[in-house]
$ cat query.txt   # compact mmCIF, C-alpha atoms
# COMPACT_ATOMS: atom_id res chain seq x y z
CA THR A 1 0.00 0.00 0.00
CA TYR A 2 2.68 2.49 1.02
CA ILE A 3 5.42 1.28 -1.34
CA PRO A 4 3.51 0.24 -4.48
CA GLN A 5 6.60 -0.27 -6.64
CA ILE A 6 7.84 -3.17 -4.50
CA GLU A 7 7.07 -6.64 -5.82
CA GLN A 8 5.86 -9.27 -3.42
CA PRO A 9 8.24 -12.22 -2.97
CA LYS A 10 7.43 -15.27 -5.08
CA ILE A 11 8.16 -18.56 -3.37
CA SER A 12 7.31 -21.92 -4.84
CA ASP A 13 5.38 -24.44 -2.79
CA GLU A 14 8.46 -26.70 -2.72
CA ASP A 15 10.70 -23.90 -1.39
CA LEU A 16 8.08 -22.91 1.15
CA GLU A 17 7.78 -26.49 2.43
CA GLU A 18 11.56 -26.73 2.71
CA MET A 19 11.75 -23.47 4.69
CA ILE A 20 8.97 -24.59 7.03
CA GLY A 21 10.65 -27.96 7.50
CA ASP A 22 13.97 -26.35 8.40
CA LEU A 23 12.31 -24.01 10.89
CA ARG A 24 10.31 -26.84 12.42
CA ALA A 25 13.43 -28.97 12.85
CA LYS A 26 15.26 -26.09 14.49
CA GLU A 27 12.28 -25.31 16.73
CA ASN A 28 12.03 -28.94 17.80
CA THR A 29 15.74 -29.02 18.60
CA VAL A 30 15.50 -25.79 20.63
CA TYR A 31 12.46 -27.11 22.47
CA SER A 32 14.12 -30.46 23.13
CA LEU A 33 17.33 -28.90 24.45
CA SER A 34 15.36 -26.46 26.63
CA GLU A 35 13.37 -29.28 28.18
CA GLN A 36 16.55 -31.28 28.80
CA ALA A 37 18.20 -28.26 30.44
CA LYS A 38 15.17 -27.65 32.68
CA ARG A 39 15.08 -31.32 33.67
CA PHE A 40 18.76 -31.25 34.61
CA MET A 41 18.13 -28.13 36.70
CA ASN A 42 15.21 -29.78 38.49
CA GLU A 43 17.47 -32.75 39.27
CA MET A 44 20.21 -30.33 40.45
CA HIS A 45 22.59 -31.53 37.71
CA PHE A 46 23.72 -27.99 37.00
CA GLU A 47 26.89 -28.77 35.04
CA GLU A 48 24.89 -30.77 32.47
CA ALA A 49 22.20 -28.06 32.37
CA ALA A 50 24.85 -25.39 31.69
CA GLN A 51 26.10 -27.39 28.72
CA LYS A 52 22.58 -27.51 27.23
CA TRP A 53 22.04 -23.78 27.72
CA HIS A 54 25.43 -23.15 26.09
CA LYS A 55 24.34 -25.14 23.00
CA LEU A 56 21.11 -23.17 22.82
CA GLY A 57 23.02 -19.89 23.06
CA LYS A 58 25.06 -20.92 20.04
CA MET A 59 21.94 -21.87 18.07
CA VAL A 60 19.83 -18.79 18.81
CA GLU A 61 21.72 -15.53 18.39
CA ASN A 62 21.14 -12.49 20.61
CA ASP A 63 18.92 -14.32 23.09
CA ILE A 64 20.23 -13.27 26.48
CA PHE A 65 17.95 -15.74 28.29
CA TYR A 66 20.20 -18.65 27.34
CA ILE A 67 23.32 -16.76 28.45
CA GLN A 68 21.65 -15.95 31.77
CA GLN A 69 20.67 -19.58 32.33
CA GLU A 70 24.13 -20.85 31.39
CA ALA A 71 25.74 -18.46 33.89
CA LEU A 72 23.21 -19.40 36.59
CA CYS A 73 23.81 -23.13 36.17
CA THR A 74 27.57 -22.68 35.89
CA TYR A 75 27.90 -21.02 39.29
CA LYS A 76 25.42 -23.40 40.90
CA SER A 77 27.41 -26.40 39.62
CA GLU A 78 30.47 -25.40 41.72
CA LYS A 79 32.62 -27.40 39.29
CA PRO A 80 35.53 -27.95 39.02
CA GLU A 81 35.37 -26.05 42.33
CA LYS A 82 33.36 -23.16 43.72
CA VAL A 83 35.52 -20.10 42.97
CA ALA A 84 36.47 -21.36 39.49
CA ALA A 85 32.78 -21.95 38.67
CA LEU A 86 31.85 -18.47 39.92
CA THR A 87 34.65 -16.84 37.92
CA LYS A 88 33.57 -18.66 34.77
CA ALA A 89 29.93 -17.72 35.35
CA LEU A 90 30.93 -14.06 35.71
CA GLN A 91 32.77 -14.23 32.39
CA ILE A 92 29.68 -15.75 30.73
CA ILE A 93 27.15 -13.24 32.08
CA THR A 94 29.31 -10.19 31.31
CA THR A 95 29.15 -11.03 27.59
CA ILE A 96 25.69 -9.41 27.77
CA LYS A 97 26.34 -5.84 26.69
CA GLU A 98 23.22 -4.15 28.08
CA GLN A 99 23.25 -5.04 31.78
CA ALA A 100 20.14 -3.18 32.86
CA ASP A 101 17.44 -5.87 33.12
CA THR A 102 16.63 -7.36 36.50
CA GLU A 103 17.59 -10.93 35.58
CA THR A 104 21.09 -10.00 34.43
CA LEU A 105 21.66 -7.65 37.37
CA GLY A 106 20.39 -10.30 39.78
CA ILE A 107 22.67 -13.02 38.42
CA ILE A 108 25.76 -10.77 38.43
CA GLY A 109 24.89 -9.74 41.98
CA ALA A 110 24.47 -13.38 43.02
CA ILE A 111 27.85 -14.34 41.56
CA GLN A 112 29.58 -11.40 43.27
CA LYS A 113 27.85 -12.22 46.57
CA ARG A 114 29.01 -15.85 46.40
CA LEU A 115 32.55 -14.77 45.51
CA TRP A 116 32.46 -12.60 48.64
CA ASP A 117 31.25 -15.58 50.71
CA ALA A 118 34.04 -17.75 49.31
CA THR A 119 36.95 -15.30 49.42
CA LYS A 120 35.94 -12.52 51.86
CA GLU A 121 37.35 -10.08 49.30
CA GLU A 122 35.38 -6.91 50.05
CA SER A 123 35.38 -5.68 46.44
CA PHE A 124 33.05 -8.58 45.58
CA LEU A 125 30.59 -7.53 48.29
CA ASP A 126 30.71 -3.95 46.98
CA GLY A 127 30.09 -5.26 43.46
CA ALA A 128 27.08 -7.27 44.63
CA ILE A 129 25.67 -4.22 46.43
CA GLU A 130 26.07 -2.13 43.27
CA MET A 131 24.23 -4.66 41.06
CA TYR A 132 21.42 -5.32 43.53
CA LYS A 133 20.97 -1.62 44.24
CA LYS A 134 20.63 -0.92 40.53
CA GLY A 135 17.99 -3.64 40.12
CA TRP A 136 16.02 -2.35 43.08
CA THR A 137 16.19 1.37 42.30
CA LEU A 138 15.57 1.01 38.55
CA HIS A 139 12.81 -1.58 38.64
CA GLN A 140 11.57 -1.95 42.25
CA ASP A 141 12.42 -5.62 41.74
CA TYR A 142 11.83 -7.54 44.97
CA TYR A 143 14.50 -10.21 44.31
CA THR A 144 17.31 -7.69 43.86
CA GLY A 145 15.84 -5.60 46.68
CA GLU A 146 15.92 -8.49 49.15
CA ASN A 147 19.52 -9.31 48.28
CA TYR A 148 20.48 -5.63 48.37
CA ALA A 149 19.26 -5.53 51.97
CA LEU A 150 21.13 -8.74 52.82
CA CYS A 151 24.39 -7.43 51.38
CA LEU A 152 24.00 -4.09 53.15
CA GLU A 153 23.72 -5.93 56.45
CA GLN A 154 26.79 -8.00 55.65
CA LYS A 155 28.60 -4.77 54.79
CA SER A 156 27.50 -3.25 58.11
CA ILE A 157 29.11 -6.12 60.01
CA GLN A 158 32.46 -5.27 58.37
CA GLU A 159 32.20 -1.56 59.14
CA LYS A 160 34.46 -0.03 61.76
CA ASP A 161 32.78 3.37 61.54
CA GLU A 162 29.68 3.17 63.76
CA ARG A 163 27.84 5.80 61.71
CA HIS A 164 28.19 3.78 58.50
CA LYS A 165 27.19 0.62 60.33
CA ILE A 166 23.96 2.17 61.62
CA HIS A 167 23.16 3.77 58.25
CA GLU A 168 23.46 0.45 56.39
CA GLN A 169 21.36 -1.41 58.97
CA VAL A 170 18.62 1.21 58.85
CA GLU A 171 18.65 1.26 55.04
CA ALA A 172 18.36 -2.54 54.92
CA GLU A 173 15.37 -2.41 57.27
CA GLU A 174 13.64 0.29 55.21
CA ILE A 175 14.20 -1.61 51.97
CA ARG A 176 12.57 -4.72 53.42
CA LYS A 177 9.54 -2.70 54.54
CA GLN A 178 9.28 -1.24 51.04
CA ILE A 179 9.55 -4.72 49.47
CA ILE A 180 6.66 -5.94 51.61
CA ASP A 181 4.60 -2.91 50.55
CA VAL A 182 5.42 -3.60 46.89
CA ILE A 183 4.58 -7.32 46.98
CA LEU A 184 1.47 -7.58 49.17
CA PRO A 185 -0.94 -5.75 46.80
CA THR A 186 0.11 -8.00 43.88
CA LEU A 187 -0.40 -11.44 45.44
CA GLU A 188 -3.80 -11.98 43.81
CA GLU A 189 -2.53 -11.13 40.33
CA GLU A 190 0.39 -13.48 39.84
CA GLU A 191 1.04 -16.76 38.06
CA PRO A 192 2.08 -19.61 40.40
CA GLU A 193 5.75 -19.41 39.36
CA GLU A 194 6.00 -15.74 40.27
CA LEU A 195 3.85 -16.20 43.37
CA LYS A 196 6.25 -18.84 44.69
CA TRP A 197 9.20 -16.44 44.81
CA LYS A 198 7.07 -13.61 46.21
CA TYR A 199 6.11 -15.83 49.15
CA ALA A 200 9.79 -16.77 49.66
CA THR A 201 10.81 -13.11 49.64
CA LEU A 202 8.03 -12.09 52.04
CA SER A 203 9.02 -14.89 54.40
CA ASN A 204 12.67 -13.83 54.54
CA CYS A 205 11.77 -10.14 54.86
CA PHE A 206 9.46 -10.80 57.82
CA PHE A 207 12.04 -13.07 59.48
CA ALA A 208 14.68 -10.35 59.03
CA LEU A 209 12.36 -7.74 60.56
CA GLY A 210 11.81 -9.97 63.58
CA ASP A 211 8.25 -11.07 62.74
CA ALA A 212 8.67 -14.86 63.01
CA GLU A 213 4.91 -15.54 62.83
CA LYS A 214 4.52 -13.82 59.45
CA GLY A 215 7.81 -15.35 58.29
CA GLN A 216 6.53 -18.86 58.99
CA GLU A 217 3.16 -18.08 57.39
CA TYR A 218 4.73 -17.13 54.07
CA GLU A 219 7.29 -19.92 54.26
CA GLN A 220 4.39 -22.37 54.39
CA LYS A 221 2.75 -20.65 51.42
CA PHE A 222 6.05 -20.93 49.52
CA LYS A 223 6.24 -24.68 50.23
CA GLU A 224 2.61 -25.13 49.12
CA GLN A 225 3.67 -23.99 45.63
CA ASN A 226 5.67 -27.25 45.26
CA PRO A 227 9.07 -25.66 44.59
CA GLU A 228 11.86 -27.75 43.08
CA ASP A 229 14.65 -29.01 45.34
CA TRP A 230 17.11 -26.40 44.07
CA GLU A 231 14.55 -23.62 44.67
CA ILE A 232 14.03 -24.78 48.28
CA ASP A 233 17.81 -24.89 48.67
CA THR A 234 18.10 -21.28 47.42
CA TYR A 235 15.37 -20.12 49.82
CA LEU A 236 16.92 -21.90 52.80
CA LYS A 237 20.37 -20.48 52.09
CA ASN A 238 18.97 -16.94 52.12
CA ARG A 239 17.05 -17.68 55.30
CA GLN A 240 20.22 -18.99 56.92
CA VAL A 241 22.06 -15.78 56.00
CA VAL A 242 19.22 -13.78 57.58
CA SER A 243 19.44 -15.91 60.76
CA ASN A 244 23.23 -15.55 60.93
CA ILE A 245 23.04 -11.78 60.58
CA ARG A 246 20.35 -11.49 63.28
CA TYR A 247 22.49 -13.65 65.56
CA LYS A 248 25.56 -11.47 64.99
CA LYS A 249 23.58 -8.27 65.59
CA CYS A 250 22.20 -9.68 68.86
CA SER A 251 25.71 -10.76 69.89
CA GLU A 252 27.05 -7.26 69.19
CA LYS A 253 24.32 -5.73 71.37
CA LEU A 254 25.09 -8.12 74.22
CA PHE A 255 28.80 -7.35 73.88
CA ASP A 256 28.05 -3.61 74.08
CA ILE A 257 25.98 -4.16 77.23
CA TYR A 258 28.69 -6.11 79.02

$ encode --input "query.txt" --output "C-alpha cells"
Amino acid sequence: TYIPQIEQPKISDEDLEEMIGDLRAKENTVYSLSEQAKRFMNEMHFEEAAQKWHKLGKMVENDIFYIQQEALCTYKSEKPEKVAALTKALQIITTIKEQADTETLGIIGAIQKRLWDATKEESFLDGAIEMYKKGWTLHQDYYTGENYALCLEQKSIQEKDERHKIHEQVEAEEIRKQIIDVILPTLEEEEPEELKWKYATLSNCFFALGDAEKGQEYEQKFKEQNPEDWEIDTYLKNRQVVSNIRYKKCSEKLFDIY
C-alpha cells in the first residue's frame, strides 16, 4: 500500500515447504534442548544443564535468556570447584552488553555475593551491592531488593565506623519494609511461578524484621507452591544468611551491654 513499486516475494510451494521444515526442525531441537536443560536443573545436575544452555546460546543468536541460564547453572554447579565456577559464570554473564534488566543484574549480583562468601574479598561484596541496588532502584524488583538488603547488612558487620554501620542497617530495614509494601498488593494477580518467589521473599523479609509468625506463614505458602529441590535450597540459604546476621547483631548488642 505504502510502497507500491515493491514486488511481493514469489516462493514456490516446494521452497516454502523446505523453509517450514527447516524451521520446524530447528524449533524442535531448541524445544528439546530447553526441556533437557530444565530437567537437569530440576534434578540439580547444574553442570549438564549449563552445557545444554550453552548449545542453545550458540543456536539462537542475541537471546540473552540462554546466556543468563548458562551463567546461573555454571555457578550453581560449583565445578571444578566453587571459585572457578563463579569466575567462569561471571565471564559468561558479562558477555551481555546491556546489563540493565533485572535478571542479568540479579545473576551478576548473586555471583559477586558468592565470591564474597568464598573469598571474603570486600570488592566482591561492593560489586554485589552495586548490582542489587541498581535492580532495586531502577525496577523496584523484589528479588534484587531483598539481596540488596542482605548485602548491606553484611557490609555493616564489616564496618568499623559506627555511623556507617547504623546507616546500612537502617537502610536494609527500610528496603525490606518497602519490598513488603510492593509485593502484598500484587499477590492476587500473579502466576504460580512468580507467586512462589514472592512468598519466599516475604518470608525472609518478615524473618529479618523480627516477625517470626509472618515469616513462617509465608514460608508455608512458599512450600505449598511445590518448589523444586534447588529452589528450596536457594530459599533456605537466604534464610540462613538472615538468621546468621540477626544472631551477629544480637551478639554485638550483648557485647556492648557487658

$ residues_around --input "query.txt" --residues "A:Gly145" --least-positions-apart "2" --cutoff "12 Å" --atoms "only C-alpha atoms" --output "VMD selection string"
chain A and resid 102 105 to 106 109 128 to 143 147 to 152 171 to 180 182 to 183 198 201 to 202 204 to 205

$ residues_around --input "query.txt" --residues "stretch 73-77 of chain A" --least-positions-apart "4" --cutoff "8 Å" --atoms "all atoms listed in the file" --output "PyMOL selection string"
chain A and resi 41+45-47+49-50+69+82+85-86+88-89+111

$ closest_residue --input "query.txt" --among "A:Thr104, A:Gln112, A:Gln225, A:Gln169" --to "A:Glu191" --atoms "all atoms listed in the file"
A:Gln225

$ closest_residue --input "query.txt" --among "A:Glu18, A:Asp161, A:Glu219, A:Glu153" --to "A:Arg246" --atoms "only C-alpha atoms"
A:Glu153

$ atom_distance --input "query.txt" --atom1 "atom CA of A:Ile96" --atom2 "atom CA of A:Glu70"
12.1 Å

$ closest_residue --input "query.txt" --among "A:Gly21, A:Thr87, A:Tyr66, A:Asp229" --to "A:Ala37" --atoms "only C-alpha atoms"
A:Tyr66

$ closest_residue --input "query.txt" --among "A:Ala200, A:Ile108, A:Leu195, A:Leu56" --to "A:Ser32" --atoms "only C-alpha atoms"
A:Leu56

$ atom_distance --input "query.txt" --atom1 "atom CA of A:Gln158" --atom2 "atom CA of A:Trp116"
12.2 Å

$ closest_residue --input "query.txt" --among "A:Glu146, A:Glu122, A:Asp211, A:Glu35" --to "A:Glu159" --atoms "all atoms listed in the file"
A:Glu122

$ build_atoms --input "query.txt" --residues "stretch 1-15 of chain A" --atoms "N, CA, C and O atoms" --output "compact mmCIF listing (two decimals), keeping the file's coordinate frame"
# COMPACT_ATOMS: atom_id res chain seq x y z
N THR A 1 0.83 -1.22 0.00
CA THR A 1 0.00 0.00 0.00
C THR A 1 0.86 1.26 0.00
O THR A 1 0.61 2.20 -0.74
N TYR A 2 1.87 1.28 0.87
CA TYR A 2 2.68 2.49 1.02
C TYR A 2 3.87 2.51 0.07
O TYR A 2 4.42 3.58 -0.22
N ILE A 3 4.31 1.34 -0.39
CA ILE A 3 5.42 1.28 -1.34
C ILE A 3 4.95 0.45 -2.55
O ILE A 3 5.33 -0.72 -2.71
N PRO A 4 4.16 1.02 -3.41
CA PRO A 4 3.51 0.24 -4.48
C PRO A 4 4.46 -0.33 -5.53
O PRO A 4 4.11 -1.26 -6.25
N GLN A 5 5.68 0.20 -5.63
CA GLN A 5 6.60 -0.27 -6.64
C GLN A 5 7.29 -1.58 -6.25
O GLN A 5 7.93 -2.24 -7.08
N ILE A 6 7.17 -1.97 -4.97
CA ILE A 6 7.84 -3.17 -4.50
C ILE A 6 7.04 -4.41 -4.90
O ILE A 6 5.82 -4.47 -4.72
N GLU A 7 7.73 -5.39 -5.46
CA GLU A 7 7.07 -6.64 -5.82
C GLU A 7 7.06 -7.60 -4.64
O GLU A 7 8.04 -7.71 -3.92
N GLN A 8 5.94 -8.28 -4.49
CA GLN A 8 5.86 -9.27 -3.42
C GLN A 8 6.78 -10.44 -3.75
O GLN A 8 6.97 -10.79 -4.92
N PRO A 9 7.37 -11.07 -2.71
CA PRO A 9 8.24 -12.22 -2.97
C PRO A 9 7.44 -13.39 -3.54
O PRO A 9 6.28 -13.61 -3.16
N LYS A 10 8.09 -14.11 -4.46
CA LYS A 10 7.43 -15.27 -5.08
C LYS A 10 8.19 -16.52 -4.66
O LYS A 10 9.36 -16.68 -4.99
N ILE A 11 7.53 -17.35 -3.88
CA ILE A 11 8.16 -18.56 -3.37
C ILE A 11 7.34 -19.75 -3.83
O ILE A 11 6.12 -19.79 -3.64
N SER A 12 8.02 -20.72 -4.39
CA SER A 12 7.31 -21.92 -4.84
C SER A 12 6.85 -22.74 -3.65
O SER A 12 7.38 -22.60 -2.54
N ASP A 13 5.87 -23.57 -3.86
CA ASP A 13 5.38 -24.44 -2.79
C ASP A 13 6.48 -25.33 -2.24
O ASP A 13 6.56 -25.57 -1.02
N GLU A 14 7.36 -25.83 -3.15
CA GLU A 14 8.46 -26.70 -2.72
C GLU A 14 9.43 -25.94 -1.81
O GLU A 14 9.85 -26.45 -0.77
N ASP A 15 9.78 -24.71 -2.21
CA ASP A 15 10.70 -23.90 -1.39
C ASP A 15 10.07 -23.55 -0.04
O ASP A 15 10.74 -23.56 0.99
